[in-house]
Every structure is written in structure tokens, then in C-alpha cells.
file input_30.cif (mmCIF, C-alpha atoms and all ligand atoms)
data_run
loop_
_atom_site.label_atom_id
_atom_site.label_comp_id
_atom_site.auth_asym_id
_atom_site.auth_seq_id
_atom_site.Cartn_x
_atom_site.Cartn_y
_atom_site.Cartn_z
CA MET A 1 0.00 0.00 0.00
CA ARG A 2 1.24 3.48 -0.85
CA LYS A 3 2.44 5.55 2.11
CA LEU A 4 0.35 8.68 2.49
CA ASN A 5 3.24 10.93 3.36
CA VAL A 6 5.37 10.08 0.34
CA VAL A 7 5.32 12.96 -2.10
CA ASP A 8 4.02 12.23 -5.57
CA ASP A 9 6.85 11.53 -7.93
CA ILE A 10 6.34 14.30 -10.46
CA THR A 11 9.70 16.02 -10.52
CA TYR A 12 11.92 13.18 -11.63
CA ASN A 13 11.68 9.81 -13.26
CA LYS A 14 12.99 6.99 -11.07
CA GLU A 15 12.89 4.43 -13.84
CA THR A 16 15.28 6.34 -16.04
CA ASP A 17 17.37 7.95 -13.33
CA GLN A 18 18.75 5.13 -11.18
CA SER A 19 20.77 7.53 -9.04
CA VAL A 20 17.62 8.77 -7.24
CA SER A 21 15.72 5.47 -7.09
CA LYS A 22 16.05 5.22 -3.32
CA ILE A 23 15.33 8.86 -2.55
CA THR A 24 11.80 9.80 -1.54
CA PRO A 25 10.66 13.24 -0.47
CA ASN A 26 8.08 13.13 2.34
CA PHE A 27 5.12 15.26 3.30
CA GLN A 28 3.64 15.56 6.78
CA PRO A 29 0.92 17.94 8.04
CA LEU A 30 2.19 19.29 11.36
CA TRP A 31 -0.83 20.59 13.23
CA ALA A 32 -4.24 19.64 12.01
CA ILE A 33 -7.49 20.87 13.60
CA PRO A 34 -9.42 17.79 14.76
CA PHE A 35 -13.05 17.65 13.69
CA GLY A 36 -15.63 14.90 13.99
CA TYR A 37 -19.07 14.33 12.54
CA THR A 38 -21.76 11.68 12.79
CA ASN A 39 -24.93 11.29 10.78
CA PHE A 40 -27.54 9.60 12.98
CA GLY A 41 -29.95 9.47 10.06
CA GLU A 42 -33.43 8.09 10.48
CA SER A 43 -32.60 6.61 13.90
CA LEU A 44 -33.13 9.99 15.56
CA ARG A 45 -36.02 11.34 13.47
CA ASN A 46 -38.52 10.91 16.30
CA LEU A 47 -36.16 12.37 18.88
CA ASN A 48 -35.61 15.35 16.57
CA LYS A 49 -39.35 16.09 16.57
CA GLN A 50 -39.42 16.00 20.35
CA LEU A 51 -36.32 18.20 20.65
CA ILE A 52 -37.93 20.82 18.41
CA ALA A 53 -41.20 20.67 20.36
CA ASP A 54 -39.27 21.13 23.61
CA ILE A 55 -37.26 24.03 22.20
CA GLU A 56 -40.51 25.71 21.15
CA THR A 57 -41.95 25.18 24.63
CA GLU A 58 -38.83 26.61 26.23
CA LYS A 59 -38.87 29.64 23.96
CA GLU A 60 -42.57 30.21 24.66
CA ASN A 61 -41.90 30.45 28.37
CA ASN A 62 -38.49 32.06 28.59
CA PRO A 63 -36.85 35.21 27.25
CA THR A 64 -33.65 34.76 25.33
CA GLU A 65 -30.30 34.51 27.00
CA LYS A 66 -28.07 37.34 25.83
CA ARG A 67 -25.35 35.49 24.01
CA THR A 68 -23.97 34.98 20.54
CA PHE A 69 -27.23 34.47 18.61
CA THR A 70 -28.91 37.59 19.94
CA LYS A 71 -27.07 40.44 18.26
CA ASN A 72 -30.25 41.30 16.42
CA ASN A 73 -33.92 40.41 16.95
CA SER A 74 -33.89 37.29 14.79
CA GLY A 75 -32.45 34.83 17.27
CA TRP A 76 -33.16 33.21 20.64
CA GLN A 77 -31.04 31.10 22.99
CA SER A 78 -32.07 28.96 25.91
CA ALA A 79 -30.49 28.74 29.33
CA LEU A 80 -27.87 26.05 29.91
CA ARG A 81 -28.49 22.48 31.08
CA MET A 82 -31.62 21.76 29.08
CA GLU A 83 -30.91 18.08 29.78
CA GLU A 84 -32.05 18.60 33.35
CA LYS A 85 -35.38 19.94 32.16
CA TYR A 86 -36.29 17.79 29.16
CA LYS A 87 -36.02 14.04 28.66
CA SER A 88 -35.29 14.56 24.98
CA PHE A 89 -32.19 16.60 25.78
CA GLU A 90 -30.98 14.03 28.32
CA GLU A 91 -31.41 11.32 25.70
CA LEU A 92 -29.41 13.38 23.22
CA ARG A 93 -26.73 14.10 25.85
CA LYS A 94 -26.11 10.38 26.33
CA ILE A 95 -25.92 9.80 22.59
CA ILE A 96 -23.42 12.65 22.15
CA LEU A 97 -21.22 11.21 24.90
CA GLN A 98 -21.30 7.75 23.38
CA TYR A 99 -20.41 8.98 19.90
CA SER A 100 -17.88 11.68 20.80
CA LEU A 101 -15.38 9.68 22.83
CA GLY A 102 -13.84 7.96 19.81
CA THR A 103 -13.27 11.29 18.11
CA LEU A 104 -11.59 12.74 21.20
CA TYR A 105 -9.32 9.72 21.48
CA MET A 106 -8.44 10.01 17.80
CA SER A 107 -7.31 13.57 18.50
CA GLY A 108 -4.84 12.34 21.09
CA ILE A 109 -6.77 12.80 24.33
CA SER A 110 -5.92 9.98 26.70
CA LYS A 111 -8.41 7.22 27.33
CA ASP A 112 -7.50 7.63 31.01
CA MET A 113 -9.39 10.93 31.15
CA TYR A 114 -12.86 11.00 32.64
CA ILE A 115 -15.02 12.72 30.06
CA ASN A 116 -18.62 13.86 30.27
CA VAL A 117 -21.07 15.80 28.14
CA GLY A 118 -23.39 18.43 29.53
CA ASN A 119 -24.53 22.04 29.51
CA LEU A 120 -26.81 21.51 26.54
CA TRP A 121 -28.53 24.60 25.25
CA ALA A 122 -30.69 25.43 22.27
CA ASN A 123 -30.30 28.12 19.64
CA MET A 124 -33.05 29.24 17.33
CA ILE A 125 -33.03 31.68 14.43
CA PHE A 126 -36.58 32.55 13.48
CA ALA A 127 -36.26 35.44 11.06
CA LYS A 128 -34.18 36.46 8.06
CA GLY A 129 -30.78 37.87 8.99
CA GLY A 130 -30.30 35.85 12.19
CA TRP A 131 -26.66 34.97 12.81
CA SER A 132 -24.16 34.15 15.50
CA ASN A 133 -21.16 36.25 16.46
CA PRO A 134 -17.73 34.52 16.18
CA HIS A 135 -16.93 32.77 19.43
CA THR A 136 -15.32 29.81 21.13
CA HIS A 137 -17.01 27.54 23.62
CA GLY A 138 -16.18 27.30 27.24
CA SER A 139 -13.04 27.53 29.26
CA GLY A 140 -11.36 25.61 32.03
CA ASP A 141 -12.69 22.08 32.08
CA THR A 142 -14.51 22.34 28.75
CA ILE A 143 -12.23 20.63 26.25
CA TRP A 144 -14.44 20.05 23.21
CA SER A 145 -17.76 21.32 21.98
CA GLY A 146 -20.04 20.85 19.07
CA VAL A 147 -23.46 21.24 17.51
CA TYR A 148 -26.36 18.90 16.88
CA TYR A 149 -29.04 19.72 14.32
CA PRO A 150 -32.57 18.43 14.99
CA LYS A 151 -33.59 20.07 11.71
CA GLY A 152 -31.74 20.94 8.50
CA VAL A 153 -32.07 23.79 6.06
CA THR A 154 -33.93 21.45 3.70
CA GLU A 155 -36.16 18.45 4.34
CA VAL A 156 -34.43 15.17 3.54
CA GLU A 157 -36.56 12.17 2.61
CA ASN A 158 -34.08 9.52 3.69
CA LEU A 159 -31.72 10.78 6.39
CA ASP A 160 -29.64 7.62 6.20
CA GLU A 161 -28.38 8.68 2.77
CA PHE A 162 -25.62 11.13 3.57
CA ILE A 163 -23.00 12.45 1.18
CA SER A 164 -20.64 14.39 3.42
CA GLU A 165 -19.25 16.55 0.60
CA GLU A 166 -22.70 18.08 0.13
CA TYR A 167 -22.75 19.43 3.69
CA LEU A 168 -19.12 19.73 4.79
CA THR A 169 -16.94 21.88 2.55
CA TYR A 170 -13.83 24.02 2.68
CA GLY A 171 -14.37 27.75 2.23
CA ILE A 172 -17.48 29.82 2.89
CA ASN A 173 -20.50 28.36 1.18
CA LYS A 174 -23.43 30.56 0.18
CA THR A 175 -26.11 28.72 2.14
CA GLY A 176 -27.46 31.09 4.79
CA GLY A 177 -27.33 29.76 8.34
CA SER A 178 -24.19 27.73 7.73
CA LEU A 179 -21.81 27.00 10.56
CA LEU A 180 -18.40 28.47 9.75
CA ILE A 181 -15.42 26.93 11.47
CA LYS A 182 -12.36 29.19 11.43
CA ASP A 183 -8.62 28.69 11.44
CA LEU A 184 -7.26 31.83 13.08
CA ASN A 185 -3.79 31.44 11.61
CA ILE A 186 -4.36 34.25 9.14
CA SER A 187 -0.62 34.48 8.47
CA LYS A 188 -1.15 31.80 5.85
CA LYS A 189 -3.04 34.42 3.85
CA ILE A 190 0.29 35.89 2.76
CA ILE A 191 0.43 33.06 0.24
CA THR A 192 -1.67 34.11 -2.71
CA VAL A 193 -1.47 31.35 -5.23
CA LYS A 194 -3.83 29.18 -7.23
CA LEU A 195 -4.76 26.16 -5.14
CA ASP A 196 -6.02 22.70 -6.02
CA HIS A 197 -7.55 22.34 -2.55
CA GLU A 198 -7.75 24.30 0.71
CA HIS A 199 -6.69 21.63 3.20
CA TYR A 200 -3.61 23.58 4.24
CA TYR A 201 -4.12 27.16 3.10
CA GLY A 202 -7.82 27.68 3.83
CA THR A 203 -9.13 29.40 6.94
CA ASN A 204 -12.83 28.57 6.65
CA PHE A 205 -14.75 25.32 6.72
CA SER A 206 -18.52 25.29 6.22
CA VAL A 207 -21.16 23.00 7.68
CA ILE A 208 -24.65 23.18 6.19
CA PRO A 209 -27.13 22.18 8.93
CA ARG A 210 -28.70 18.81 8.21
CA GLU A 211 -31.20 16.92 10.33
CA SER A 212 -29.55 14.27 12.56
CA LEU A 213 -26.03 15.61 12.00
CA LEU A 214 -23.64 15.99 14.93
CA VAL A 215 -20.38 17.93 14.55
CA LEU A 216 -17.57 18.08 17.11
CA PHE A 217 -14.55 20.34 17.50
CA PRO A 218 -12.15 21.41 20.26
CA ALA A 219 -13.30 24.20 22.58
CA TRP A 220 -10.66 26.60 21.23
CA VAL A 221 -11.94 26.47 17.64
CA GLU A 222 -13.59 29.74 16.70
CA HIS A 223 -16.87 29.50 14.82
CA MET A 224 -19.90 31.51 13.82
CA VAL A 225 -23.19 31.17 11.94
CA THR A 226 -23.70 33.06 8.68
CA PRO A 227 -26.87 35.16 8.35
CA THR A 228 -30.00 33.32 7.31
CA THR A 229 -31.66 34.47 4.09
CA ASP A 230 -35.30 33.69 4.80
CA ASP A 231 -37.72 33.43 7.72
CA SER A 232 -37.59 29.65 8.08
CA LYS A 233 -36.58 28.45 11.54
CA ARG A 234 -33.07 27.22 12.18
CA TYR A 235 -32.60 25.04 15.26
CA SER A 236 -29.32 23.92 16.75
CA ILE A 237 -28.22 22.43 20.05
CA SER A 238 -24.82 23.20 21.57
CA PHE A 239 -23.05 21.49 24.44
CA GLY A 240 -19.81 21.13 26.30
CA ILE A 241 -17.57 18.08 26.48
CA VAL A 242 -15.78 18.41 29.79
CA ARG A 243 -12.99 16.65 31.58
CA LYS A 244 -13.72 15.58 35.09
CA THR A 245 -10.95 16.34 37.53
CA ASN A 246 -10.09 14.21 40.51
CA SER A 247 -10.12 15.34 44.10
CA ILE A 248 -7.51 13.42 46.11
CA HIS A 249 -8.28 13.13 49.82
CA ASP A 250 -5.83 12.85 52.73
CA ASP A 251 -6.41 9.11 52.96
CA GLY A 252 -5.49 8.71 49.31
CA SER A 253 -9.01 8.04 48.10
CA ILE A 254 -10.11 9.82 44.96
CA THR A 255 -13.40 11.47 44.16
CA VAL A 256 -14.12 12.27 40.55
CA LEU A 257 -15.76 15.67 40.50
CA ASP A 258 -18.47 16.52 38.09
CA ASN A 259 -17.25 19.82 36.74
CA LEU A 260 -20.54 20.49 35.04
CA ILE A 261 -21.74 21.86 38.36
CA LYS A 262 -19.40 24.82 38.17
CA GLN A 263 -19.66 25.40 34.42
CA GLN A 264 -21.73 28.55 34.79
CA ASP A 265 -19.48 31.19 33.35
CA ASN A 266 -17.82 31.77 30.02
CA ILE A 267 -19.84 29.18 28.17
CA THR A 268 -19.18 31.24 25.08
CA ILE A 269 -16.33 33.66 24.63
CA GLU A 270 -17.04 36.17 21.91
CA LYS A 271 -14.26 37.42 19.68
CA VAL A 272 -15.53 40.74 18.42
FE FE B 1 -21.06 27.97 19.18
#

call {"tool": "encode", "arguments": {"input": "input_30.cif", "output": "C-alpha cells"}}
result
Amino acid sequence: MRKLNVVDDITYNKETDQSVSKITPNFQPLWAIPFGYTNFGESLRNLNKQLIADIETEKENNPTEKRTFTKNNSGWQSALRMEEKYKSFEELRKIILQYSLGTLYMSGISKDMYINVGNLWANMIFAKGGWSNPHTHGSGDTIWSGVYYPKGVTEVENLDEFISEEYLTYGINKTGGSLLIKDLNISKKIITVKLDHEHYYGTNFSVIPRESLLVLFPAWVEHMVTPTTDDSKRYSISFGIVRKTNSIHDDGSITVLDNLIKQQDNITIEKV
């Protein structure tokens, strides 16, 4: 099998030039931004309906929290810890935990860490022009975050059929209400050259909301939502993936603390 980090042989011909037959240039990305996604497809269609019903109920009875989606009058955000209030959110919380651990481990986080998911909250855009200010999620014990979509921008007949390239793309796509994930290393913009792909020089990655799609990224990854272009409702659910720290007692026994209890502040840190 061909090694992925061996550079394509396009500059010289090994067959005719025996002197370089054993020389292979190599290519290695140094620091990638880890990103995970899962399509739950039809398996969560019923849960999605319940989540939306519960978000509507919550919005009916509660004013918006003043965070990233409320820079104009087109958006609403719930309070944190919706999983303590609604069974649907608790069910989703467990699913997110189950399906996020593998992604975190892939990124290099030790399997020895105690990880939990919590602090679920809902975001709704209900009028044209709703958007979310660029921000990161959490601080301290929050290590990863992400978004779950109980509804997409278009209705999909069979949610099990998922072509990732239609929803996850480099650059800024033109679909209003897209999630934009940012690479803040803007120094790379000094290179202005025609590119075949943006894997290494791009600074934007777009996610078009799709029903049953979960996306995951580290807490330090800045992101935003582009303005919606019509009055259709956009629902999303955000959450924190937190490490649990240990409290070591005098007798040597260890209590694993649930840090979700103190995750009140700085759930989003806005950038502008
Ligand atoms: Fe966010």
C-alpha cells in the first residue's frame, strides 16, 4: 500500500534515473485541527421532533439569554443544562457522549481521562438575517464542543443517505445559516497562489445544517453562523464536552468531581 506521506513523484523519473531510485521526499501535516461528525440518520427522526417541540416550549416560556445568537432580533437562545429539564435533551446528551469519545481519542486525548457531556442549550433563528457572532465555547474544564441539528435547512426524505461533501466543505459556502469553522492562523493568507484544494491554506470550513447531524470540534476552535436568508426556523443544540478532575483526599481516596456543576461562566467567549 502506498504511504500517504510520500510525495508524488512528479519532478523526476525513477525508472530512467537510477541515481535517485532510493530517494523519496516526504510530506507531513504538522498541526491539524481535529473535527468529527456523525450522521444519525433516520434513527433519531422521532427524537428530533421531540427536541424541536421542547425548544418551542422553552422559547414560549423564557426570554432569550443574551449570548452569541442575539445580536439582532432574529435569534433566541435557551439557558444552559436543558438536559435537566427535558427528557429529549438528556437522551441526546447520552448519545453525544457515546459517539464523541472515539473522536476525542483520535485527537490524542488519553483514554484515562474522565469525560462527560453536559450544559446543553438550544439556539433558534426565526427570522431572516439571524446569525451568531464569532466565538469559542467554554473555558477551564470544557475541552471540546459541538453542535447537533434536529432540523436541517432542507427536508431530507431519507436521512440515512448522507453524502458528506454536500454538507461539509472548505471555504465559505453561500447557504445562509451555515456554521463556519475558522482557522485563526491568518498568516497563511500571505500566500496568494492558485490552489487545487484548501486543506492547508484555507481558513474557513462550512457546515450546512442537516437533520440528525452531529459535529464536534475542540473548545478553542472559533466559529460563527452566517446570516440566514429567509424566515424559516433554524434550530441547533450546543453542548460542552468536559474533563472531570479528581479530588484526592488525605487518605489517598479519589473522588471524581463533576465539573458540570461549576460550568456557569464563560460558556461562550465572543471574539468581536
Ligand atoms: Fe457555538

call {"tool": "closest_residue", "arguments": {"input": "input_30.cif", "among": "A:Tyr201, A:Trp121, A:Tyr99, A:Phe162", "to": "ligand FE 1 (chain B)", "atoms": "only C-alpha atoms and all ligand atoms"}}
result
A:Trp121

call {"tool": "residues_around", "arguments": {"input": "input_30.cif", "residues": "Val221 of chain A", "least_positions_apart": "2", "cutoff": "12 Å", "atoms": "only C-alpha atoms", "output": "ChimeraX atom specification"}}
result
/A:32-35,134-139,143-146,180-185,203-205,216-219,223-224,268-271

call {"tool": "closest_residue", "arguments": {"input": "input_30.cif", "among": "A:Tyr149, A:Phe126, A:Phe239, A:Trp76", "to": "ligand FE 1 (chain B)", "atoms": "only C-alpha atoms and all ligand atoms"}}
result
A:Phe239

call {"tool": "residues_around", "arguments": {"input": "input_30.cif", "residues": "segment 168-171 of chain A", "least_positions_apart": "5", "cutoff": "7 Å", "atoms": "only C-alpha atoms", "output": "list in words"}}
result
Glu198, Gly202, Asn204, Phe205, Ser206, Val207 and Ile208 of chain A

call {"tool": "residues_near_point", "arguments": {"input": "input_30.cif", "point": "(-15.5, 10.2, 21.4)", "cutoff": "12 Å", "atoms": "only C-alpha atoms", "output": "ChimeraX atom specification"}}
result
/A:34-38,94-111,113-117,143-146,214-218,241-242

call {"tool": "atom_distance", "arguments": {"input": "input_30.cif", "atom1": "atom CA of Arg93 of chain A", "atom2": "atom CA of Asn48 of chain A"}}
result
12.9 Å

call {"tool": "atom_distance", "arguments": {"input": "input_30.cif", "atom1": "atom CA of Asn133 of chain A", "atom2": "atom CA of Arg67 of chain A"}}
result
8.7 Å

call {"tool": "closest_residue", "arguments": {"input": "input_30.cif", "among": "A:Asp231, A:Glu222, A:Glu91, A:Asp251", "to": "ligand FE 1 (chain B)", "atoms": "only C-alpha atoms and all ligand atoms"}}
result
A:Glu222

call {"tool": "closest_residue", "arguments": {"input": "input_30.cif", "among": "A:Glu90, A:Asp230, A:Glu165, A:Glu60", "to": "Leu120 of chain A", "atoms": "only C-alpha atoms"}}
result
A:Glu90

call {"tool": "closest_residue", "arguments": {"input": "input_30.cif", "among": "A:Arg81, A:Thr68, A:Gly140, A:Pro25", "to": "Thr245 of chain A", "atoms": "all atoms listed in the file"}}
result
A:Gly140

call {"tool": "closest_residue", "arguments": {"input": "input_30.cif", "among": "A:Ile186, A:Ile23, A:Ala127, A:Val225", "to": "ligand FE 1 (chain B)", "atoms": "all atoms listed in the file"}}
result
A:Val225

call {"tool": "atom_distance", "arguments": {"input": "input_30.cif", "atom1": "atom CA of Leu44 of chain A", "atom2": "atom CA of Asn173 of chain A"}}
result
26.5 Å

call {"tool": "axis_aligned_box", "arguments": {"input": "input_30.cif", "around": "segment 210-221 of chain A", "padding_each_side": "4 Å", "output": "lines of an AutoDock Vina configuration file"}}
result
center_x = -20.9
center_y = 20.4
center_z = 15.4
size_x = 28.5
size_y = 20.3
size_z = 22.4

call {"tool": "residues_near_point", "arguments": {"input": "input_30.cif", "point": "(-28.4, 6.4, 10.1)", "cutoff": "8 Å", "atoms": "all atoms listed in the file", "output": "MDAnalysis selection string"}}
result
chainID A and resid 39:43 159:161

call {"tool": "residues_around", "arguments": {"input": "input_30.cif", "residues": "Leu80 of chain A", "least_positions_apart": "2", "cutoff": "9 Å", "atoms": "all atoms listed in the file", "output": "list in words"}}
result
Ser78, Met82, Glu83, Gly118, Asn119, Leu120, Trp121, Ala122, Phe239, Gln264 and Ile267 of chain A

call {"tool": "build_atoms", "arguments": {"input": "input_30.cif", "residues": "segment 121-148 of chain A", "atoms": "N, CA and C atoms", "output": "compact mmCIF listing (two decimals), keeping the file's coordinate frame"}}
result
# COMPACT_ATOMS: atom_id res chain seq x y z
N TRP A 121 -27.62 23.49 25.43
CA TRP A 121 -28.53 24.60 25.25
C TRP A 121 -28.99 24.67 23.80
N ALA A 122 -30.10 25.37 23.61
CA ALA A 122 -30.69 25.43 22.27
C ALA A 122 -30.54 26.83 21.70
N ASN A 123 -30.36 26.85 20.38
CA ASN A 123 -30.30 28.12 19.64
C ASN A 123 -31.38 28.08 18.57
N MET A 124 -32.06 29.20 18.40
CA MET A 124 -33.05 29.24 17.33
C MET A 124 -32.93 30.57 16.58
N ILE A 125 -32.89 30.48 15.26
CA ILE A 125 -33.03 31.68 14.43
C ILE A 125 -34.42 31.58 13.80
N PHE A 126 -35.19 32.65 13.95
CA PHE A 126 -36.58 32.55 13.48
C PHE A 126 -36.93 33.63 12.45
N ALA A 127 -35.97 34.42 12.06
CA ALA A 127 -36.26 35.44 11.06
C ALA A 127 -35.01 35.70 10.22
N LYS A 128 -35.26 36.15 9.00
CA LYS A 128 -34.18 36.46 8.06
C LYS A 128 -33.11 37.34 8.71
N GLY A 129 -31.87 37.03 8.46
CA GLY A 129 -30.78 37.87 8.99
C GLY A 129 -30.26 37.42 10.35
N GLY A 130 -30.82 36.35 10.91
CA GLY A 130 -30.30 35.85 12.19
C GLY A 130 -28.91 35.26 11.98
N TRP A 131 -28.04 35.44 12.94
CA TRP A 131 -26.66 34.97 12.81
C TRP A 131 -26.05 34.80 14.19
N SER A 132 -24.86 34.31 14.23
CA SER A 132 -24.16 34.15 15.50
C SER A 132 -22.78 34.78 15.40
N ASN A 133 -22.46 35.58 16.39
CA ASN A 133 -21.16 36.25 16.46
C ASN A 133 -20.03 35.22 16.59
N PRO A 134 -18.85 35.47 16.00
CA PRO A 134 -17.73 34.52 16.18
C PRO A 134 -17.39 34.32 17.65
N HIS A 135 -17.18 33.07 18.02
CA HIS A 135 -16.93 32.77 19.43
C HIS A 135 -16.25 31.40 19.57
N THR A 136 -15.76 31.16 20.76
CA THR A 136 -15.32 29.81 21.13
C THR A 136 -16.20 29.35 22.28
N HIS A 137 -16.13 28.08 22.58
CA HIS A 137 -17.01 27.54 23.62
C HIS A 137 -16.23 27.20 24.87
N GLY A 138 -16.66 27.77 25.95
CA GLY A 138 -16.18 27.30 27.24
C GLY A 138 -14.76 27.66 27.58
N SER A 139 -14.40 27.30 28.77
CA SER A 139 -13.04 27.53 29.26
C SER A 139 -12.82 26.52 30.38
N GLY A 140 -11.62 26.48 30.89
CA GLY A 140 -11.36 25.61 32.03
C GLY A 140 -11.52 24.14 31.70
N ASP A 141 -12.53 23.52 32.24
CA ASP A 141 -12.69 22.08 32.08
C ASP A 141 -13.39 21.68 30.78
N THR A 142 -13.90 22.66 30.04
CA THR A 142 -14.51 22.34 28.75
C THR A 142 -13.39 22.11 27.74
N ILE A 143 -13.34 20.93 27.17
CA ILE A 143 -12.23 20.63 26.25
C ILE A 143 -12.68 20.55 24.79
N TRP A 144 -13.89 20.09 24.57
CA TRP A 144 -14.44 20.05 23.21
C TRP A 144 -15.86 20.60 23.25
N SER A 145 -16.38 20.89 22.08
CA SER A 145 -17.76 21.32 21.98
C SER A 145 -18.32 20.81 20.66
N GLY A 146 -19.47 21.30 20.32
CA GLY A 146 -20.04 20.85 19.07
C GLY A 146 -21.47 21.32 18.92
N VAL A 147 -22.09 20.86 17.84
CA VAL A 147 -23.46 21.24 17.51
C VAL A 147 -24.21 20.01 17.02
N TYR A 148 -25.47 19.92 17.43
CA TYR A 148 -26.36 18.90 16.88
C TYR A 148 -27.54 19.62 16.22
